[in-house]
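Undergrad: This is the structure I want to talk about, given as structure tokens.
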Amino acid sequence: MTISVNRKSGSAEKPARREGEIKPPRNRSKALVTKSTRNGREVAVKDFTRCSAVLKRLYGRPTLRREVRAYGLLQGIEGIPQCFGLEGPDSMVIEYVHGRLLGDFKRGNIESHVFDRVDGIVAAAHARGVAFGDLHESNIIITGSGDVFLIDFANAVFTGTPHRPGLFARFFMNLDRHAAARMRARYLRLPRPVPAGVFGFLYRFGRGLKAARGRIKKVLHAGR
Ligand SMILES: Nc1ncnc2c1ncn2[C@@H]1O[C@H](COP(=O)(O)OP(=O)(O)OP(=O)(O)O)[C@@H](O)[C@H]1O
Ligand SMILES: [Mg+2]
């Protein structure tokens, strides 16, 4: 596989990283993820300790519990890292996966088998009643040997009846499949998939709301 990294160069000076820090959190509601070792194994520690008490209670802790539950249900699926559970109420420990994020690759430099693997892992997770809800380029790791791992179950949605999911879980499963198809189309330079039916309607509605929220934010920001 061609490994060509797309580094976006920013002129702004970046804040110094903490020891082992993998990626600085994008905002104050994001966990700090660091690389560390536990019992001689390399692990990634996702940690909300530095967040405010309110954020920890209302977002961090429920999010970590959801992730641990998802990893538990998905245990043993190839392409899902092993989870070692919670370490205190505000941090979680998972197997560290060596590789690059899908988002670090340039379009045209990824082979289709990567997306076949993403589809396969998504299908295996759905069969166990877990929808990712947040499948994107920063949540997919490709190892040097071309293996594919999916991480980040902060937005996972569960169903106790995977063979017959309810409307809510079905929507998120469709969302996962659509996200995977969009990434495939983007990286392999294929036509963009068009979501159809009720899912397509809800999807476009949701995107419209998101775009409107972005515009409002911009206007408010410009008015400051
Ligand atoms: N198990 C892991 N092995 C290697 N790197 C990891 C692992 N878990 C997380 N990371 C790195 O940390 C980053 C953030 O992790 P994660 O996606 O779980 O957190 P997040 O707060 O949801 O971030 P984002 O909103 O950017 O997706 C990932 O994009 C990846 O670079
Ligand atoms: Mg993520």
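Ligands are numbered from 1 in the order shown, residues from 1 within each chain, and chains are lettered A, B, ... in the order they appear in the structure tokens.
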Which residues, written as a VMD selection string, have at least one atom at most 12 Å from range 32-41 of chain A, with only C-alpha atoms counted and residues fewer than 4 positions away on the same chain left out?
TA: chain A and resid 17 to 28 45 to 51 60 82 84 87 90 to 98 152
Undergrad: I need the chosen residues saved as an mmCIF file, in the first residue's frame, with C-alpha atoms.
TA:
data_model
loop_
_atom_site.group_PDB
_atom_site.id
_atom_site.type_symbol
_atom_site.label_atom_id
_atom_site.label_comp_id
_atom_site.auth_asym_id
_atom_site.auth_seq_id
_atom_site.Cartn_x
_atom_site.Cartn_y
_atom_site.Cartn_z
ATOM 1 C CA ARG A 17 2.052 18.410 23.923
ATOM 2 C CA ARG A 18 1.774 16.574 27.211
ATOM 3 C CA GLU A 19 3.889 13.457 27.679
ATOM 4 C CA GLY A 20 2.556 10.606 25.557
ATOM 5 C CA GLU A 21 -0.184 12.782 24.123
ATOM 6 C CA ILE A 22 -1.342 11.310 20.823
ATOM 7 C CA LYS A 23 -3.499 14.150 19.601
ATOM 8 C CA PRO A 24 -4.393 17.333 21.440
ATOM 9 C CA PRO A 25 -8.131 17.482 22.227
ATOM 10 C CA ARG A 26 -10.016 19.554 19.601
ATOM 11 C CA ASN A 27 -11.938 21.450 22.253
ATOM 12 C CA ARG A 28 -12.650 21.521 25.972
ATOM 13 C CA VAL A 45 -5.690 6.126 27.648
ATOM 14 C CA LYS A 46 -8.731 8.272 26.985
ATOM 15 C CA ASP A 47 -9.056 10.684 29.832
ATOM 16 C CA PHE A 48 -11.591 13.346 30.832
ATOM 17 C CA THR A 49 -9.887 14.240 34.132
ATOM 18 C CA ARG A 50 -8.830 17.710 32.974
ATOM 19 C CA CYS A 51 -12.424 18.646 31.978
ATOM 20 C CA GLY A 60 -17.296 12.330 30.009
ATOM 21 C CA GLN A 82 -9.144 -4.754 22.978
ATOM 22 C CA PHE A 84 -9.139 -2.976 29.289
ATOM 23 C CA GLU A 87 -9.433 3.267 35.193
ATOM 24 C CA ASP A 90 -12.873 9.483 34.125
ATOM 25 C CA SER A 91 -10.518 7.407 32.025
ATOM 26 C CA MET A 92 -10.545 4.303 29.890
ATOM 27 C CA VAL A 93 -7.709 2.063 28.705
ATOM 28 C CA ILE A 94 -7.607 0.373 25.299
ATOM 29 C CA GLU A 95 -5.045 -1.504 23.258
ATOM 30 C CA TYR A 96 -2.790 0.914 21.378
ATOM 31 C CA VAL A 97 -2.958 0.447 17.608
ATOM 32 C CA HIS A 98 0.167 1.405 15.646
ATOM 33 C CA ASP A 152 -14.147 5.630 19.224
#
Undergrad: Can you tell me which residues sit at most 8 Å away from ligand 2, counting only C-alpha atoms and all ligand atoms, written as a list in words?
TA: Asp134, His136, Ser138, Asn139, Ile151, Asp152, Phe153 and Ala154 of chain A
Undergrad: Mind the document's chain letters and residue numbers, and return as JSON, numbers by chain the residues of range 141-180 of chain A that DSSP labels strand (DSSP E or B).
TA: {"A": [141, 142, 148, 149, 150, 157, 158]}
Undergrad: Can I get the selection written as a PDB file, in the first residue's frame, with N, CA and C atoms?
TA:
ATOM      1  N   ILE A 141      -8.000   3.496  11.870  1.00  0.00           N
ATOM      2  CA  ILE A 141      -6.527   3.394  11.867  1.00  0.00           C
ATOM      3  C   ILE A 141      -6.116   2.291  10.899  1.00  0.00           C
ATOM      4  N   ILE A 142      -5.124   2.609  10.056  1.00  0.00           N
ATOM      5  CA  ILE A 142      -4.603   1.614   9.114  1.00  0.00           C
ATOM      6  C   ILE A 142      -3.171   1.299   9.533  1.00  0.00           C
ATOM      7  N   VAL A 148      -6.968  -2.935   9.283  1.00  0.00           N
ATOM      8  CA  VAL A 148      -7.815  -1.775   9.555  1.00  0.00           C
ATOM      9  C   VAL A 148      -8.464  -1.926  10.936  1.00  0.00           C
ATOM     10  N   PHE A 149      -8.433  -0.848  11.726  1.00  0.00           N
ATOM     11  CA  PHE A 149      -9.056  -0.849  13.056  1.00  0.00           C
ATOM     12  C   PHE A 149     -10.024   0.319  13.169  1.00  0.00           C
ATOM     13  N   LEU A 150     -11.153   0.082  13.787  1.00  0.00           N
ATOM     14  CA  LEU A 150     -12.092   1.169  14.066  1.00  0.00           C
ATOM     15  C   LEU A 150     -12.045   1.456  15.560  1.00  0.00           C
ATOM     16  N   VAL A 157     -24.681   3.428  19.401  1.00  0.00           N
ATOM     17  CA  VAL A 157     -26.107   3.200  19.672  1.00  0.00           C
ATOM     18  C   VAL A 157     -26.298   1.683  19.701  1.00  0.00           C
ATOM     19  N   PHE A 158     -27.090   1.213  20.676  1.00  0.00           N
ATOM     20  CA  PHE A 158     -27.222  -0.238  20.877  1.00  0.00           C
ATOM     21  C   PHE A 158     -28.623  -0.734  20.565  1.00  0.00           C
TER      22      PHE A 158
END
Undergrad: Using CA of Gly129 in chain A and CA of Thr63 in chain A as the two end points, give the distance in Å to one decimal.
TA: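 The value is 17.6 Å.
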